[in-house]
>>> print(open('upload.json').read())   # JSON, C-alpha atoms
[["chain", "number", "residue", "atom", "x", "y", "z"],
["A", 103, "MET", "CA", 124.41, 166.57, -72.97],
["A", 104, "LYS", "CA", 122.65, 165.67, -69.71],
["A", 105, "ILE", "CA", 124.07, 162.94, -67.48],
["A", 106, "GLN", "CA", 121.96, 159.78, -67.75],
["A", 107, "SER", "CA", 121.03, 158.01, -64.56],
["A", 108, "VAL", "CA", 124.37, 156.63, -63.37],
["A", 109, "VAL", "CA", 123.81, 153.96, -60.74],
["A", 110, "ASP", "CA", 126.25, 151.16, -61.53],
["A", 111, "THR", "CA", 129.23, 150.19, -63.70],
["A", 112, "GLU", "CA", 127.16, 149.56, -66.82],
["A", 113, "SER", "CA", 125.21, 152.82, -66.69],
["A", 114, "ALA", "CA", 128.42, 154.74, -65.90],
["A", 115, "ILE", "CA", 130.26, 153.33, -68.93],
["A", 116, "GLN", "CA", 127.24, 153.82, -71.21],
["A", 117, "ASP", "CA", 126.94, 157.44, -70.08],
["A", 118, "LEU", "CA", 130.62, 158.03, -70.88],
["A", 119, "ILE", "CA", 130.22, 156.46, -74.33],
["A", 120, "SER", "CA", 127.17, 158.68, -75.00],
["A", 121, "SER", "CA", 129.20, 161.68, -73.87],
["A", 122, "CYS", "CA", 131.97, 160.72, -76.33],
["A", 123, "HIS", "CA", 129.44, 160.34, -79.19],
["A", 124, "GLY", "CA", 128.06, 163.80, -78.42],
["A", 125, "ALA", "CA", 131.53, 165.37, -78.18],
["A", 126, "ILE", "CA", 132.65, 163.83, -81.49],
["A", 127, "TYR", "CA", 129.55, 165.21, -83.22],
["A", 128, "ALA", "CA", 129.98, 168.65, -81.62],
["A", 129, "TYR", "CA", 133.66, 168.86, -82.55],
["A", 130, "GLY", "CA", 132.67, 168.22, -86.18],
["A", 131, "MET", "CA", 130.54, 171.39, -86.01],
["A", 132, "ILE", "CA", 133.25, 173.25, -84.10],
["A", 133, "ALA", "CA", 135.94, 172.31, -86.65],
["A", 134, "ALA", "CA", 133.76, 173.75, -89.42],
["A", 135, "HIS", "CA", 133.69, 177.19, -87.77],
["A", 136, "VAL", "CA", 136.75, 177.60, -85.57],
["A", 137, "THR", "CA", 139.98, 179.13, -86.88],
["A", 138, "GLN", "CA", 142.07, 176.57, -84.95],
["A", 139, "VAL", "CA", 140.81, 173.64, -87.02],
["A", 140, "GLU", "CA", 143.70, 171.33, -86.10],
["A", 141, "ARG", "CA", 143.02, 171.81, -82.44],
["A", 142, "ALA", "CA", 139.36, 170.91, -82.88],
["A", 143, "LEU", "CA", 140.24, 167.83, -84.93],
["A", 144, "ASP", "CA", 142.79, 166.76, -82.31],
["A", 145, "ALA", "CA", 140.11, 167.06, -79.66],
["A", 146, "MET", "CA", 137.72, 165.01, -81.79],
["A", 147, "ALA", "CA", 140.42, 162.34, -82.18],
["A", 148, "ARG", "CA", 140.90, 162.31, -78.40],
["A", 149, "TYR", "CA", 137.21, 161.48, -77.93],
["A", 150, "ARG", "CA", 137.28, 158.86, -80.69],
["A", 151, "ILE", "CA", 140.16, 157.10, -78.96],
["A", 152, "LYS", "CA", 138.36, 157.31, -75.62],
["A", 153, "ARG", "CA", 135.11, 156.02, -77.16],
["A", 154, "ASP", "CA", 136.95, 153.05, -78.64],
["A", 155, "GLU", "CA", 138.60, 152.27, -75.30],
["A", 156, "LEU", "CA", 135.22, 152.38, -73.55],
["A", 157, "ILE", "CA", 133.62, 150.19, -76.22],
["A", 158, "ALA", "CA", 136.45, 147.67, -75.73],
["A", 159, "LEU", "CA", 135.75, 147.78, -71.99],
["A", 160, "CYS", "CA", 132.06, 147.08, -72.72],
["A", 161, "VAL", "CA", 133.04, 144.04, -74.77],
["A", 162, "ASP", "CA", 135.25, 142.78, -71.92],
["A", 163, "LEU", "CA", 132.38, 143.20, -69.46],
["A", 164, "GLY", "CA", 129.74, 141.66, -71.77],
["A", 165, "ILE", "CA", 127.87, 144.97, -72.19],
["A", 166, "THR", "CA", 126.37, 146.12, -75.50],
["A", 167, "PRO", "CA", 127.66, 149.68, -76.03],
["A", 168, "VAL", "CA", 125.13, 152.41, -76.73],
["A", 169, "PRO", "CA", 125.23, 153.42, -80.44],
["A", 170, "ALA", "CA", 125.73, 156.98, -81.66],
["A", 171, "ARG", "CA", 122.67, 158.96, -82.72],
["A", 172, "MET", "CA", 122.27, 160.55, -86.14],
["A", 173, "ALA", "CA", 122.55, 164.03, -84.61],
["A", 174, "TYR", "CA", 122.85, 165.75, -81.25],
["A", 175, "GLU", "CA", 121.36, 168.98, -80.00],
["A", 176, "LEU", "CA", 124.18, 171.43, -79.39],
["A", 177, "SER", "CA", 124.17, 173.19, -76.03],
["A", 178, "THR", "CA", 125.09, 176.51, -77.64],
["A", 179, "PRO", "CA", 124.65, 177.65, -81.26],
["A", 180, "VAL", "CA", 127.76, 177.73, -83.48],
["A", 181, "ARG", "CA", 128.04, 180.53, -86.04],
["A", 182, "ASP", "CA", 131.67, 181.65, -86.01],
["A", 183, "ASP", "CA", 135.07, 181.27, -84.35],
["A", 184, "ALA", "CA", 133.98, 182.80, -81.03],
["A", 185, "THR", "CA", 130.81, 180.71, -80.65],
["A", 186, "ALA", "CA", 132.70, 177.57, -81.73],
["A", 187, "LYS", "CA", 135.21, 178.15, -78.93],
["A", 188, "VAL", "CA", 132.39, 178.62, -76.44],
["A", 189, "LEU", "CA", 130.83, 175.31, -77.51],
["A", 190, "ALA", "CA", 134.21, 173.55, -77.29],
["A", 191, "SER", "CA", 134.66, 174.79, -73.75],
["A", 192, "VAL", "CA", 131.12, 173.74, -72.81],
["A", 193, "ILE", "CA", 131.66, 170.27, -74.32],
["A", 194, "GLU", "CA", 134.83, 169.77, -72.28],
["A", 195, "GLU", "CA", 133.23, 171.07, -69.10],
["A", 196, "SER", "CA", 130.30, 168.73, -69.64],
["A", 197, "ALA", "CA", 132.66, 165.80, -70.17],
["A", 198, "CYS", "CA", 134.36, 166.67, -66.90],
["A", 199, "ALA", "CA", 130.99, 166.42, -65.11],
["A", 200, "HIS", "CA", 130.18, 163.07, -66.82],
["A", 201, "TRP", "CA", 133.52, 161.58, -65.82],
["A", 202, "ALA", "CA", 133.18, 162.88, -62.25],
["A", 203, "ALA", "CA", 129.78, 161.17, -61.97],
["A", 204, "ALA", "CA", 131.20, 157.88, -63.30],
["A", 205, "LEU", "CA", 134.41, 157.62, -61.25],
["A", 206, "SER", "CA", 133.08, 155.69, -58.27],
["A", 207, "TYR", "CA", 131.38, 153.06, -60.48],
["A", 208, "LEU", "CA", 134.27, 152.31, -62.81],
["A", 209, "PRO", "CA", 136.35, 149.14, -62.45],
["A", 210, "LYS", "CA", 139.50, 149.81, -60.38],
["A", 211, "ASN", "CA", 141.80, 148.95, -63.30],
["A", 212, "VAL", "CA", 140.43, 151.79, -65.46],
["A", 213, "ALA", "CA", 139.62, 154.42, -62.81],
["A", 214, "ALA", "CA", 143.14, 155.92, -62.83],
["A", 215, "SER", "CA", 143.23, 156.43, -66.60],
["A", 216, "GLU", "CA", 139.69, 157.88, -66.56],
["A", 217, "SER", "CA", 140.80, 160.29, -63.82],
["A", 218, "LYS", "CA", 143.52, 161.52, -66.14],
["A", 219, "PHE", "CA", 140.97, 161.94, -68.91],
["A", 220, "LEU", "CA", 138.82, 164.04, -66.57],
["A", 221, "GLN", "CA", 141.84, 166.28, -65.95],
["A", 222, "SER", "CA", 142.52, 166.57, -69.68],
["A", 223, "CYS", "CA", 138.88, 167.68, -70.25],
["A", 224, "ALA", "CA", 139.16, 170.32, -67.52],
["A", 225, "LEU", "CA", 142.42, 171.62, -69.01],
["A", 226, "SER", "CA", 140.95, 171.63, -72.48],
["A", 227, "SER", "CA", 137.90, 173.59, -71.27],
["A", 228, "PHE", "CA", 140.23, 176.20, -69.74],
["A", 229, "LYS", "CA", 142.34, 176.38, -72.90],
["A", 230, "TRP", "CA", 139.29, 177.01, -75.12],
["A", 231, "SER", "CA", 137.72, 179.66, -72.90],
["A", 232, "GLY", "CA", 140.44, 180.99, -70.58],
["A", 233, "ILE", "CA", 137.90, 180.69, -67.78],
["A", 234, "VAL", "CA", 138.40, 178.68, -64.60],
["A", 235, "LYS", "CA", 135.39, 177.24, -62.83],
["A", 236, "ALA", "CA", 134.79, 176.09, -59.28],
["A", 237, "PHE", "CA", 132.57, 173.23, -60.51],
["A", 238, "SER", "CA", 131.92, 171.90, -63.99],
["A", 239, "SER", "CA", 128.35, 171.21, -65.05],
["A", 240, "ALA", "CA", 126.88, 168.90, -67.68],
["B", 62, "MET", "CA", 156.18, 188.04, -21.07],
["B", 63, "THR", "CA", 156.68, 184.85, -19.08],
["B", 64, "ARG", "CA", 159.87, 182.85, -19.00],
["B", 65, "TYR", "CA", 158.11, 180.12, -21.03],
["B", 66, "GLN", "CA", 157.59, 182.55, -23.89],
["B", 67, "VAL", "CA", 161.29, 183.26, -23.89],
["B", 68, "ASN", "CA", 162.38, 179.64, -23.88],
["B", 69, "LEU", "CA", 159.69, 177.99, -26.02],
["B", 70, "PRO", "CA", 158.98, 178.56, -29.69],
["B", 71, "ARG", "CA", 155.78, 180.61, -30.16],
["B", 72, "ARG", "CA", 153.65, 177.73, -31.44],
["B", 73, "SER", "CA", 154.75, 175.37, -28.68],
["B", 74, "PHE", "CA", 153.88, 178.03, -26.13],
["B", 75, "ILE", "CA", 150.39, 178.50, -27.62],
["B", 76, "ALA", "CA", 149.90, 174.73, -27.71],
["B", 77, "LEU", "CA", 150.98, 174.48, -24.07],
["B", 78, "VAL", "CA", 148.62, 177.24, -22.94],
["B", 79, "GLY", "CA", 145.79, 175.82, -25.08],
["B", 80, "GLY", "CA", 146.35, 172.32, -23.76],
["B", 81, "THR", "CA", 146.41, 173.54, -20.18],
["B", 82, "GLY", "CA", 143.18, 175.45, -20.76],
["B", 83, "LEU", "CA", 141.53, 172.34, -22.21],
["B", 84, "LEU", "CA", 142.57, 170.24, -19.21],
["B", 85, "VAL", "CA", 141.25, 172.87, -16.78],
["B", 86, "ALA", "CA", 137.97, 173.18, -18.70],
["B", 87, "SER", "CA", 137.44, 169.42, -18.74],
["B", 88, "GLY", "CA", 138.25, 169.00, -15.05],
["B", 89, "GLY", "CA", 141.30, 166.91, -15.91],
["B", 90, "LYS", "CA", 139.26, 164.37, -17.91],
["B", 91, "LEU", "CA", 139.53, 164.62, -21.70],
["B", 92, "GLN", "CA", 136.47, 163.34, -23.56],
["B", 93, "PRO", "CA", 137.38, 160.77, -26.24],
["B", 94, "GLU", "CA", 136.74, 162.01, -29.80],
["B", 95, "PRO", "CA", 133.72, 160.36, -31.47],
["B", 96, "GLU", "CA", 134.54, 157.66, -34.03],
["B", 97, "VAL", "CA", 135.35, 159.20, -37.40],
["B", 98, "SER", "CA", 135.06, 157.12, -40.59],
["B", 99, "ALA", "CA", 137.99, 156.96, -43.02],
["B", 100, "GLU", "CA", 135.83, 158.81, -45.56],
["B", 101, "GLU", "CA", 135.07, 161.66, -43.18],
["B", 102, "LEU", "CA", 138.68, 161.79, -42.04],
["B", 103, "GLY", "CA", 139.73, 162.17, -45.67],
["B", 104, "VAL", "CA", 137.24, 165.02, -46.14],
["B", 105, "ARG", "CA", 138.53, 166.78, -43.03],
["B", 106, "VAL", "CA", 142.13, 166.47, -44.22],
["B", 107, "ILE", "CA", 141.18, 167.99, -47.59],
["B", 108, "ILE", "CA", 139.37, 170.87, -45.90],
["B", 109, "GLU", "CA", 142.37, 171.52, -43.66],
["B", 110, "GLU", "CA", 144.79, 171.44, -46.62],
["B", 111, "LYS", "CA", 142.56, 173.78, -48.60],
["B", 112, "SER", "CA", 142.30, 176.16, -45.63],
["B", 113, "LYS", "CA", 146.10, 176.30, -45.44],
["B", 114, "PHE", "CA", 146.28, 176.83, -49.20],
["B", 115, "ILE", "CA", 143.81, 179.72, -48.98],
["B", 116, "MET", "CA", 145.85, 181.40, -46.24],
["B", 117, "ALA", "CA", 149.03, 180.96, -48.28],
["B", 118, "ALA", "CA", 147.33, 182.42, -51.37],
["B", 119, "ILE", "CA", 146.00, 185.40, -49.39],
["B", 120, "ALA", "CA", 149.48, 186.02, -47.96],
["B", 121, "LEU", "CA", 151.03, 185.87, -51.45],
["B", 122, "ALA", "CA", 148.38, 188.23, -52.84],
["B", 123, "ALA", "CA", 149.15, 190.71, -50.06],
["B", 124, "ALA", "CA", 152.87, 190.50, -50.76],
["B", 125, "ASN", "CA", 152.45, 190.67, -54.57],
["B", 126, "PRO", "CA", 149.47, 192.86, -55.55],
["B", 127, "ASN", "CA", 149.99, 191.92, -59.23],
["B", 128, "TYR", "CA", 148.78, 188.43, -58.37],
["B", 129, "ALA", "CA", 145.91, 189.60, -56.16],
["B", 130, "SER", "CA", 143.19, 189.42, -58.80],
["B", 131, "PRO", "CA", 143.87, 185.90, -60.12],
["B", 132, "LEU", "CA", 144.57, 184.59, -56.63],
["B", 133, "LYS", "CA", 141.23, 186.01, -55.44],
["B", 134, "ILE", "CA", 139.46, 183.79, -58.00],
["B", 135, "VAL", "CA", 141.39, 180.73, -56.88],
["B", 136, "VAL", "CA", 140.73, 181.52, -53.21],
["B", 137, "GLU", "CA", 136.99, 181.96, -53.85],
["B", 138, "HIS", "CA", 136.82, 178.66, -55.71],
["B", 139, "ASN", "CA", 138.61, 176.87, -52.89],
["B", 140, "GLU", "CA", 136.17, 178.37, -50.41],
["B", 141, "LEU", "CA", 133.32, 176.99, -52.54],
["B", 142, "HIS", "CA", 135.06, 173.60, -52.58],
["B", 143, "ILE", "CA", 135.27, 173.66, -48.78],
["B", 144, "ALA", "CA", 131.58, 174.59, -48.54],
["B", 145, "ALA", "CA", 130.67, 171.65, -50.79],
["B", 146, "LEU", "CA", 132.86, 169.23, -48.82],
["B", 147, "THR", "CA", 131.54, 170.38, -45.46],
["B", 148, "LYS", "CA", 128.22, 168.71, -46.38],
["B", 149, "PHE", "CA", 130.00, 165.36, -46.18],
["B", 150, "ALA", "CA", 131.38, 165.97, -42.69],
["B", 151, "THR", "CA", 128.88, 164.97, -40.02],
["B", 152, "LEU", "CA", 131.09, 166.30, -37.22],
["B", 153, "ALA", "CA", 132.01, 169.94, -36.85],
["B", 154, "ILE", "CA", 135.08, 170.95, -38.83],
["B", 155, "PRO", "CA", 137.71, 172.44, -36.51],
["B", 156, "GLU", "CA", 138.56, 176.09, -37.05],
["B", 157, "THR", "CA", 141.76, 176.77, -38.95],
["B", 158, "SER", "CA", 144.49, 176.34, -36.37],
["B", 159, "GLU", "CA", 147.47, 178.55, -35.59],
["B", 160, "SER", "CA", 149.66, 176.10, -37.51],
["B", 161, "ALA", "CA", 147.73, 176.88, -40.71],
["B", 162, "ILE", "CA", 149.17, 180.39, -40.82],
["B", 163, "PRO", "CA", 152.13, 180.26, -43.23],
["B", 164, "GLU", "CA", 155.44, 181.27, -41.65],
["B", 165, "ALA", "CA", 156.88, 182.46, -44.95],
["B", 166, "VAL", "CA", 155.07, 183.80, -47.99],
["B", 167, "SER", "CA", 154.61, 181.05, -50.58],
["B", 168, "SER", "CA", 155.51, 181.50, -54.24],
["B", 169, "LEU", "CA", 153.25, 181.35, -57.28],
["B", 170, "PRO", "CA", 155.03, 178.25, -58.71],
["B", 171, "ARG", "CA", 154.59, 176.54, -55.34],
["B", 172, "LEU", "CA", 150.86, 177.33, -55.20],
["B", 173, "SER", "CA", 150.44, 176.24, -58.80],
["B", 174, "ALA", "CA", 152.20, 172.94, -58.06],
["B", 175, "GLN", "CA", 149.98, 172.47, -55.01],
["B", 176, "CYS", "CA", 146.87, 172.81, -57.21],
["B", 177, "ALA", "CA", 148.13, 169.98, -59.43],
["B", 178, "GLU", "CA", 148.99, 167.86, -56.38],
["B", 179, "PHE", "CA", 145.51, 168.47, -54.92],
["B", 180, "SER", "CA", 143.87, 167.46, -58.19],
["B", 181, "ALA", "CA", 145.78, 164.16, -58.43],
["B", 182, "SER", "CA", 145.32, 163.29, -54.79],
["B", 183, "HIS", "CA", 141.60, 164.14, -54.75],
["B", 184, "LEU", "CA", 141.02, 161.99, -57.83],
["B", 185, "ASP", "CA", 142.79, 159.11, -56.08],
["B", 186, "PHE", "CA", 140.45, 159.58, -53.14],
["B", 187, "ALA", "CA", 137.44, 159.81, -55.49],
["B", 188, "CYS", "CA", 138.35, 156.38, -56.91],
["B", 189, "SER", "CA", 138.95, 154.74, -53.53],
["B", 190, "GLY", "CA", 135.49, 153.22, -53.06],
["B", 191, "ILE", "CA", 133.88, 156.17, -51.27],
["B", 192, "THR", "CA", 130.20, 157.09, -51.68],
["B", 193, "PRO", "CA", 129.22, 158.06, -55.25],
["B", 194, "GLU", "CA", 128.10, 161.58, -54.30],
["B", 195, "LEU", "CA", 131.36, 162.42, -52.53],
["B", 196, "SER", "CA", 133.30, 160.82, -55.39],
["B", 197, "ARG", "CA", 131.43, 163.00, -57.91],
["B", 198, "THR", "CA", 132.04, 166.14, -55.84],
["B", 199, "LEU", "CA", 135.74, 165.35, -55.56],
["B", 200, "GLY", "CA", 135.94, 164.67, -59.31],
["B", 201, "LEU", "CA", 134.46, 168.11, -60.02],
["B", 202, "ILE", "CA", 136.78, 169.74, -57.48],
["B", 203, "ALA", "CA", 139.80, 167.96, -59.00],
["B", 204, "GLY", "CA", 138.80, 169.30, -62.43],
["B", 205, "SER", "CA", 138.70, 172.81, -61.01],
["B", 206, "GLU", "CA", 142.06, 172.35, -59.28],
["B", 207, "ILE", "CA", 143.84, 171.30, -62.45],
["B", 208, "MET", "CA", 142.33, 174.39, -64.13],
["B", 209, "HIS", "CA", 143.77, 176.50, -61.29],
["B", 210, "HIS", "CA", 147.16, 174.90, -61.94],
["B", 211, "ALA", "CA", 147.04, 175.93, -65.62],
["B", 212, "PHE", "CA", 145.62, 179.36, -64.73],
["B", 213, "LEU", "CA", 148.41, 180.16, -62.25],
["B", 214, "ASN", "CA", 151.07, 178.69, -64.54],
["B", 215, "ALA", "CA", 149.92, 181.08, -67.26],
["B", 216, "LEU", "CA", 150.93, 183.98, -64.99],
["B", 217, "LEU", "CA", 154.52, 182.77, -64.60]]
>>> encode(input="upload.json", output="structure tokens")
Amino acid sequence: MKIQSVVDTESAIQDLISSCHGAIYAYGMIAAHVTQVERALDAMARYRIKRDELIALCVDLGITPVPARMAYELSTPVRDDATAKVLASVIEESACAHWAAALSYLPKNVAASESKFLQSCALSSFKWSGIVKAFSSA
Amino acid sequence: MTRYQVNLPRRSFIALVGGTGLLVASGGKLQPEPEVSAEELGVRVIIEEKSKFIMAAIALAAANPNYASPLKIVVEHNELHIAALTKFATLAIPETSESAIPEAVSSLPRLSAQCAEFSASHLDFACSGITPELSRTLGLIAGSEIMHHAFLNALL
């Protein structure tokens, strides 16, 4: 999922919510193909919790959160366990890039917890693929 | 060998000779350093820390060839991080100094811990009201650093 134009607090939060919607959808597809189903469902739950936190933040700030779409285009096709793991790693790497783009626009009181979420996405990407990257891309 | 080399520690001697050379070259008048913003200062500190880390990783790889391959990846990534950060430094970045050369070979757990420390500290800096582009770059670097931490930990 491409990073939307992030120029202020509202666009940063909306982009993170969109990223969560996309990740939740993708993990549904991943869970259907991967052998480590529990792990995929745990990851999906992580994004659901994050989405809900961000929606609550929107409410606090008087912003209408962006709704989820019916479907999302997957960045890589999913056919089996191996391709599902690739997609999971890509989803986490992409989330890392979304959170990195948002950091400077987020309210101070949430920036620290969002930093930790960025780290958890990077770790999750590594765990799915076993590959370390110099820079994550969306 | 001069008597100073005998009495002074090696680094102090080099600093003394270097300082003397600087004074001679400037005709006794040292030029004041140009003003450096807090943001740029932070970038320079990160580059210096990463340079030291790279030297420590190279020294460990030389001492333990089993770690050479994974450490090469981590070193290359850190070099890419430095290249990306250099774009945010308007003034020339000083060459890695003599003090950056590790006196003793570091350990893999120490390097791994350093990666995690870098990640946390660079995220703090990214959230400290700096320019969005530098913040984004640091966020991406911090993501890579926490991956390095997990990657090196997996070798232990």
>>> closest_residue(input="upload.json", among="B:Ala99, B:Val135, B:Ala174, B:Ala165", to="chain A", atoms="only C-alpha atoms")
B:Val135
>>> interface_residues(input="upload.json", of="chain A", to="chain B", cutoff="10 Å", atoms="only C-alpha atoms", output="PyMOL selection string")
chain A and resi 108-110+195+198-210+212-214+216-218+220-229+232-239
>>> atom_distance(input="upload.json", atom1="atom CA of Asp117 of chain A", atom2="atom CA of Ile105 of chain A")
6.7 Å
>>> atom_distance(input="upload.json", atom1="atom CA of Val161 of chain A", atom2="atom CA of Gly124 of chain A")
20.7 Å
>>> residues_around(input="upload.json", residues="Thr178 of chain A", least_positions_apart="5", cutoff="10 Å", atoms="all atoms listed in the file", output="PDB file with C-alpha atoms, in the frame of the given file")
ATOM      1  CA  THR A 185     130.810 180.710 -80.650  1.00  0.00           C
ATOM      2  CA  ALA A 186     132.700 177.570 -81.730  1.00  0.00           C
ATOM      3  CA  VAL A 188     132.390 178.620 -76.440  1.00  0.00           C
ATOM      4  CA  LEU A 189     130.830 175.310 -77.510  1.00  0.00           C
ATOM      5  CA  ALA A 190     134.210 173.550 -77.290  1.00  0.00           C
ATOM      6  CA  VAL A 192     131.120 173.740 -72.810  1.00  0.00           C
ATOM      7  CA  ILE A 193     131.660 170.270 -74.320  1.00  0.00           C
TER       8      ILE A 193
END
>>> decode(input="upload.json", residues="segment 122-207 of chain A", atoms="C-alpha atoms", output="compact mmCIF listing (two decimals), in the first residue's frame")
# COMPACT_ATOMS: atom_id res chain seq x y z
CA CYS A 122 -3.92 -0.95 9.30
CA HIS A 123 -7.01 -1.65 7.14
CA GLY A 124 -4.77 -2.98 4.37
CA ALA A 125 -2.71 -5.12 6.77
CA ILE A 126 -5.83 -6.63 8.38
CA TYR A 127 -7.18 -7.58 4.94
CA ALA A 128 -3.82 -9.00 3.83
CA TYR A 129 -3.40 -11.06 6.99
CA GLY A 130 -6.81 -12.63 6.30
CA MET A 131 -5.40 -13.89 2.98
CA ILE A 132 -2.11 -14.88 4.61
CA ALA A 133 -3.86 -16.85 7.37
CA ALA A 134 -5.72 -18.84 4.70
CA HIS A 135 -2.46 -20.06 3.14
CA VAL A 136 0.29 -20.00 5.74
CA THR A 137 1.09 -23.03 7.91
CA GLN A 138 1.63 -20.80 10.97
CA VAL A 139 -2.02 -19.72 11.11
CA GLU A 140 -1.89 -18.61 14.75
CA ARG A 141 1.00 -16.31 14.02
CA ALA A 142 -0.87 -14.69 11.15
CA LEU A 143 -4.00 -14.26 13.27
CA ASP A 144 -1.94 -12.75 16.09
CA ALA A 145 -0.48 -10.28 13.63
CA MET A 146 -3.97 -9.43 12.37
CA ALA A 147 -5.09 -8.86 15.97
CA ARG A 148 -2.10 -6.55 16.50
CA TYR A 149 -3.25 -4.37 13.59
CA ARG A 150 -6.87 -4.43 14.76
CA ILE A 151 -5.79 -3.15 18.17
CA LYS A 152 -3.62 -0.48 16.56
CA ARG A 153 -6.45 0.54 14.19
CA ASP A 154 -8.82 0.93 17.14
CA GLU A 155 -6.27 3.03 19.05
CA LEU A 156 -5.81 5.29 16.03
CA ILE A 157 -9.57 5.61 15.51
CA ALA A 158 -9.90 6.61 19.18
CA LEU A 159 -7.19 9.21 18.60
CA CYS A 160 -9.17 10.53 15.61
CA VAL A 161 -12.24 10.89 17.80
CA ASP A 162 -10.21 12.80 20.41
CA LEU A 163 -8.88 15.14 17.72
CA GLY A 164 -12.27 15.61 16.00
CA ILE A 165 -11.15 13.79 12.83
CA THR A 166 -13.41 11.40 10.89
CA PRO A 167 -11.37 8.20 10.43
CA VAL A 168 -10.99 6.82 6.92
CA PRO A 169 -13.19 3.70 6.47
CA ALA A 170 -11.89 0.34 5.27
CA ARG A 171 -12.37 -0.59 1.62
CA MET A 172 -14.14 -3.74 0.47
CA ALA A 173 -10.86 -5.18 -0.80
CA TYR A 174 -7.21 -4.27 -1.23
CA GLU A 175 -4.77 -5.09 -3.99
CA LEU A 176 -2.09 -7.36 -2.55
CA SER A 177 1.50 -6.35 -3.26
CA THR A 178 2.48 -9.96 -3.98
CA PRO A 179 0.28 -12.91 -4.98
CA VAL A 180 -0.51 -15.52 -2.30
CA ARG A 181 -0.74 -19.17 -3.36
CA ASP A 182 0.94 -21.19 -0.63
CA ASP A 183 2.92 -21.07 2.62
CA ALA A 184 6.04 -19.56 1.04
CA THR A 185 4.23 -16.77 -0.84
CA ALA A 186 2.09 -16.04 2.23
CA LYS A 187 5.24 -15.51 4.28
CA VAL A 188 6.64 -13.21 1.61
CA LEU A 189 3.45 -11.12 1.68
CA ALA A 190 3.51 -11.00 5.50
CA SER A 191 7.06 -9.70 5.43
CA VAL A 192 6.18 -7.11 2.77
CA ILE A 193 3.14 -5.95 4.78
CA GLU A 194 5.28 -5.43 7.88
CA GLU A 195 8.02 -3.66 5.94
CA SER A 196 5.43 -1.40 4.37
CA ALA A 197 3.94 -0.62 7.79
CA CYS A 198 7.42 0.31 8.99
CA ALA A 199 7.70 2.84 6.14
CA HIS A 200 4.21 4.28 6.88
CA TRP A 201 5.01 4.73 10.56
CA ALA A 202 8.40 6.30 9.76
CA ALA A 203 6.67 8.84 7.50
CA ALA A 204 4.12 9.69 10.22
CA LEU A 205 6.41 10.04 13.24
CA SER A 206 7.17 13.75 13.00
CA TYR A 207 3.47 14.69 12.61
